[in-house]
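**Student:** What follows is a single structure, and I will ask about it in a moment.
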Amino acid sequence: MDQLGEGWQRAMALRLLRGKDDRLTAYALVAGGVARWTEDRPGGPEWTGPWLIEAVGLVSLTVAQSAEGYAHLVGLRRRPGGAGEPARVDVVHATQFQTGRPLTAWHSLGTPHPKDARKAERTGAPAMAVDSSGALRVFVRNAGGGVSARRQDPKGTWERWTDWKGTHVLGGLSATATADGRLELLAPAEKGAALRWYQPGPGAAPKRGEDVPADARPDSAAVVETSPGTLTHYWRDAGSGELMAWRPDSPAPAPLGGATGTGPVAAVRAVVDGHDCTVLAHQDAGRLAVAAHPSEDEAAGVWWTPSGEQGAHTPALALDGQGRVVLAALGLDGRLLVARQKTDEAGLALRAWNRVGSG
């Protein structure tokens with residue numbers, strides 16, 4: 001059932017998540033809140049939605065999953081202030097405990113600047129990850145150009161904002177955790193570098209790593225665990241436009257082409273023709289382009305293949321309940337587009353695109 005009114009085609013972000021019951025859910029940031037589509041059964045092809053999760057003023061959205069399969073939604077909310085007053089800005093959080101079920105109410109996490117509304121206005125869009133203890137951490141660029149974090153402990157209690165330091169952060173933070181729960185955060189910054197924080201081991205105190213030689217466009221970064229305990233970061237170079245790949249043991253980022261692309265990069269680890277790969281997707285020359293990047297060799301070249309209708313944008317990737325790669329995107333009309341991996345052909349081949357959520 002279509003629960004969205006006029007203006008929903010202005011979708012700005014898309015996330016794809018597989019729940020504990022193996023059904024996929026797509027979340028898109030739209031005017032008035034979050035649009036949600038849910039698979040009727042694991043592996044599809046039918047979906048229910050879109051359903052509007054109201055969140056007036058929400059201007060960013062990220063989604064992470066806990067070990068219990070709970071979906072955590074976090075975003076930045078901006079609401080008009082009074083005459084001559086700054087906007088009211090805060091970070092908000094909600095939880096979905098089961099696939100297709102309602103969310104909790106949105107809970108305000110405030111900002112790192114609770115006593116200064118004008119500084120709060122400069123808070124960046126949040127990123128988040130769940131560590132080995134089950135604690136959720138939310139990260140933002142603060143008004144000073146560094147990074148601040150707030151932690152929800154495994155019992156659900158939120159701690160205070162803490163300052164992780166750093167300078168000249170641009171935004172577009174990218175956070176994740178390895179399978180054993182070690183957090184890692186990448187923060188694109190000025191002067192051709194990205195700041196990095198990581199946990200040396202599960203449960204260890206996070207520490208600042210060496211800066212990464214990355215002139216990254218904000219909001220283009222993605223990160224995937226490409227082998228046990230090893231993360232590979234992807235971003236779009238601000239100068240050349242190419243996608244870059246880097247992991248902590250690499251001397252320098254490796255270019256992967258795609259110089260005419262725009263917008264965010266989507267990534268998921270998958271098996272393609274028996275090879276461990278990271279499947280990548282982005283918008284390139286007005287269409288989506290897809291490639292499979294060998295997980296163990298970040299310097300290996302990739303072949304970009306165009307896919308989908310003209311104007312499709314904001315790609316998201318996940319594995320469905322049958323282990324197939326699923327690529328989702330938004331059409332120019334804001335409708336959800338979905339394509340699944342073919343299992344009877346060599347290479348990374350996708351089946352015909354399916355337009356879902358048309359009411």
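Ligands are numbered from 1 in the order shown, chains are lettered A, B, ... in the order of the structure tokens, and residues start at 1 in each chain.
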When you look at Ala281 of chain A with a cut-off of 7 Å (counting only C-alpha atoms), what residues show up, excluding the ones that are within fewer than 3 positions of it in the same chain? I need them as a ChimeraX atom specification.
**Tutor:** /A:265-267,288-291,315
**Student:** Just want the 12 Å neighbourhood of Glu184 of chain A, counted on only C-alpha atoms, with same-chain residues fewer than 5 positions away dropped. Output as a VMD selection string.
**Tutor:** chain A and resid 127 to 131 137 to 139 173 to 179 195 to 202 204 to 209 222 to 225 229 to 233 247 to 248
**Student:** Using only C-alpha atoms, which of the listed residues (A:Val279, A:Ala259, A:Val326, A:Leu109) sits closest to Thr25 of chain A?
**Tutor:**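 That would be A:Val326, the residue with the smallest distance to Thr25 of chain A.
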**Student:** Find the residue from A:Ala254, A:Gln283, A:Gly192, A:His313 that sits nearest to Gly239 of chain A; use only C-alpha atoms when measuring.
**Tutor:**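 Of A:Ala254, A:Gln283, A:Gly192, A:His313, the one nearest Gly239 of chain A is A:Gly192, counting only C-alpha atoms.
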**Student:** For Lys20 of chain A, work out the shell of residues within 9 Å, counting only C-alpha atoms and skipping chain neighbours fewer than 3 positions away, then give it as a PDB file with C-alpha atoms, in the first residue's frame.
**Tutor:**
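Writing done, so here's selection10.pdb:
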```pdb
ATOM      1  CA  ARG A  23      13.797 -10.701   4.060  1.00  0.00           C
ATOM      2  CA  GLU A  68      20.130  -9.625  17.095  1.00  0.00           C
ATOM      3  CA  GLY A  69      19.037  -8.420  13.660  1.00  0.00           C
ATOM      4  CA  TYR A  70      17.578  -5.137  14.910  1.00  0.00           C
ATOM      5  CA  GLN A  98      11.440  -7.136  13.383  1.00  0.00           C
ATOM      6  CA  THR A  99      11.263  -7.029   9.588  1.00  0.00           C
TER       7      THR A  99
END
```
**Student:** What does the structure give for the distance between atom CA of Ser132 of chain A and atom CA of Asp153 of chain A, in Å to one decimal?
**Tutor:** 11.1 Å
**Student:** For Glu85 of chain A, work out the shell of residues within 10 Å, counting only C-alpha atoms and skipping chain neighbours fewer than 3 positions away, then give it as JSON, numbers by chain.
**Tutor:** {"A": [80, 81, 82, 88, 117, 118]}
**Student:** Take the residues from that selection and put them in a file with C-alpha atoms, as a CSV table (one decimal), in the first residue's frame.
**Tutor:**
```csv
chain,number,residue,atom,x,y,z
A,80,PRO,CA,13.1,26.0,11.4
A,81,GLY,CA,14.0,28.2,14.4
A,82,GLY,CA,12.1,31.3,15.4
A,88,ARG,CA,16.9,23.5,15.6
A,117,ALA,CA,22.4,26.3,18.8
A,118,ARG,CA,24.6,28.0,16.2
```
**Student:** Could you name the residues that touch Thr260 of chain A at 7 Å or less, counting only C-alpha atoms, but leaving out those on the same chain fewer than 5 positions away, as a list of chain:residue names?
**Tutor:**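 The filter keeps A:Gly241, A:Asp284, A:Ala285.
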**Student:** Next, write the just-selected residues to a file, as a compact mmCIF listing (two decimals), in the first residue's frame, keeping all heavy atoms as the atom set.
**Tutor:**
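Result file out13.txt:
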```txt
# COMPACT_ATOMS: atom_id res chain seq x y z
N GLY A 241 37.72 12.05 -10.03
CA GLY A 241 36.40 11.44 -10.05
C GLY A 241 36.44 9.92 -10.01
O GLY A 241 35.39 9.28 -9.90
N ASP A 284 26.82 6.46 -13.15
CA ASP A 284 27.86 6.82 -14.10
C ASP A 284 27.19 7.22 -15.42
O ASP A 284 26.48 6.41 -16.03
CB ASP A 284 28.80 5.63 -14.32
CG ASP A 284 30.08 6.03 -15.05
OD1 ASP A 284 30.14 7.14 -15.59
OD2 ASP A 284 31.02 5.22 -15.07
N ALA A 285 27.42 8.46 -15.84
CA ALA A 285 26.86 8.97 -17.09
C ALA A 285 25.34 8.81 -17.14
O ALA A 285 24.78 8.45 -18.17
CB ALA A 285 27.51 8.28 -18.28
```
**Student:** Neighbours of Pro188 of chain A within 9 Å (only C-alpha atoms; same-chain residues fewer than 5 positions away dropped), as number ranges by chain?
**Tutor:** A: 168-174, 193-196, 212, 214-219, 221
**Student:** What separation in Å, quoted to one decimal, exists between atom CA of Ala189 of chain A and atom CA of Trp161 of chain A?
**Tutor:**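 Answer for the atom CA of Ala189 of chain A to atom CA of Trp161 of chain A separation: 21.0 Å.
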**Student:** Which residues of segment 105-223 of chain A have any atom within 12 Å of an atom in segment 32-55 of chain A when counting only C-alpha atoms, and what is the closest pair of atoms for each, with the distance in Å to one decimal? Order the rows by chain and rising number and write it as a Markdown table.
**Tutor:**
```
| residue | atom | partner | partner_atom | distance |
| --- | --- | --- | --- | --- |
| A:Ala105 | CA | A:Ala55 | CA | 9.6 |
| A:Trp106 | CA | A:Ala55 | CA | 7.7 |
| A:His107 | CA | A:Ala55 | CA | 10.8 |
| A:Ser108 | CA | A:Ala55 | CA | 11.5 |
```
**Student:** Going by DSSP on the backbone, which residues of segment 22-173 of chain A come out as helix (DSSP H, G or I)? List them as a PyMOL selection string.
**Tutor:** chain A and resi 117-120
**Student:** When you look at Ala270 of chain A with a cut-off of 12 Å (counting only C-alpha atoms), what residues show up, excluding the ones that are within fewer than 3 positions of it in the same chain? I need them as a ChimeraX atom specification.
**Tutor:** /A:224-227,267,273-280,291-295,317-320,322-326,341,347-348
**Student:** Please extract the residues of segment 41-223 of chain A with a backbone DSSP assignment of strand (DSSP E or B) and present them as a ChimeraX atom specification.
**Tutor:** /A:47-54,58,62-65,71-79,88-96,107-110,127-130,136-141,147-152,158,162-163,169,174-177,183-189,193-198,207-208,212,216,222-223
**Student:** Could you please take those selected residues and save C-alpha atoms as a CSV table (one decimal), in the first residue's frame?
**Tutor:**
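Produced file again11.csv, reproduced below:
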```
chain,number,residue,atom,x,y,z
A,47,TRP,CA,7.5,-6.4,-2.1
A,48,THR,CA,5.1,-4.5,0.2
A,49,GLY,CA,5.4,-0.7,0.3
A,50,PRO,CA,6.3,2.0,0.2
A,51,TRP,CA,5.2,2.9,3.8
A,52,LEU,CA,6.0,6.3,5.2
A,53,ILE,CA,7.8,6.4,8.5
A,54,GLU,CA,7.2,10.0,9.5
A,58,LEU,CA,15.0,14.6,8.6
A,62,THR,CA,22.0,5.8,7.8
A,63,VAL,CA,21.0,2.3,8.9
A,64,ALA,CA,23.0,-0.4,10.8
A,65,GLN,CA,22.1,-3.8,12.1
A,71,ALA,CA,17.7,-2.3,12.4
A,72,HIS,CA,18.9,1.0,13.8
A,73,LEU,CA,18.0,4.1,11.9
A,74,VAL,CA,19.9,7.3,12.6
A,75,GLY,CA,19.6,10.7,10.9
A,76,LEU,CA,20.2,14.4,11.2
A,77,ARG,CA,17.0,16.5,11.8
A,78,ARG,CA,16.8,20.2,10.9
A,79,ARG,CA,13.7,22.2,11.9
A,88,ARG,CA,16.9,23.5,15.6
A,89,VAL,CA,19.3,20.7,14.7
A,90,ASP,CA,19.6,17.3,16.4
A,91,VAL,CA,20.6,13.7,15.7
A,92,VAL,CA,17.6,11.2,16.0
A,93,HIS,CA,17.5,7.5,16.4
A,94,ALA,CA,14.8,4.8,16.0
A,95,THR,CA,14.9,1.0,16.1
A,96,GLN,CA,13.0,-1.6,14.2
A,107,HIS,CA,14.5,9.6,20.1
A,108,SER,CA,16.6,12.7,20.1
A,109,LEU,CA,20.3,12.3,20.8
A,110,GLY,CA,20.9,16.0,20.7
A,127,ALA,CA,27.5,7.5,10.6
A,128,MET,CA,27.2,4.5,12.9
A,129,ALA,CA,28.4,1.0,13.7
A,130,VAL,CA,27.8,-1.8,16.3
A,136,LEU,CA,25.9,1.2,19.1
A,137,ARG,CA,28.2,4.2,18.3
A,138,VAL,CA,27.0,7.2,16.4
A,139,PHE,CA,29.6,9.6,14.9
A,140,VAL,CA,29.3,13.1,13.5
A,141,ARG,CA,31.5,16.0,12.4
A,147,VAL,CA,34.6,14.1,15.2
A,148,SER,CA,32.3,13.5,18.1
A,149,ALA,CA,30.7,10.2,19.1
A,150,ARG,CA,27.9,9.0,21.3
A,151,ARG,CA,27.5,5.4,22.5
A,152,GLN,CA,24.5,3.3,23.4
A,158,TRP,CA,22.9,6.4,25.9
A,162,THR,CA,32.6,12.5,23.5
A,163,ASP,CA,35.2,14.4,21.5
A,169,VAL,CA,36.8,17.0,8.6
A,174,SER,CA,32.0,6.0,6.9
A,175,ALA,CA,31.9,3.6,9.8
A,176,THR,CA,31.6,-0.2,10.1
A,177,ALA,CA,32.7,-3.1,12.3
A,183,LEU,CA,35.0,-0.6,14.9
A,184,GLU,CA,36.6,1.5,12.2
A,185,LEU,CA,35.8,5.0,11.1
A,186,LEU,CA,37.0,7.0,8.1
A,187,ALA,CA,36.5,10.8,7.9
A,188,PRO,CA,37.3,12.6,4.7
A,189,ALA,CA,39.1,15.8,5.5
A,193,ALA,CA,43.7,13.2,3.6
A,194,ALA,CA,41.1,11.2,5.5
A,195,LEU,CA,41.3,10.7,9.2
A,196,ARG,CA,41.0,7.2,10.6
A,197,TRP,CA,40.1,5.7,14.0
A,198,TYR,CA,40.0,2.0,14.8
A,207,LYS,CA,42.6,4.9,18.8
A,208,ARG,CA,43.6,7.3,16.0
A,212,VAL,CA,45.0,8.0,4.8
A,216,ALA,CA,37.8,12.0,-1.1
A,222,ALA,CA,31.9,3.0,1.6
A,223,VAL,CA,33.7,0.2,3.5
```
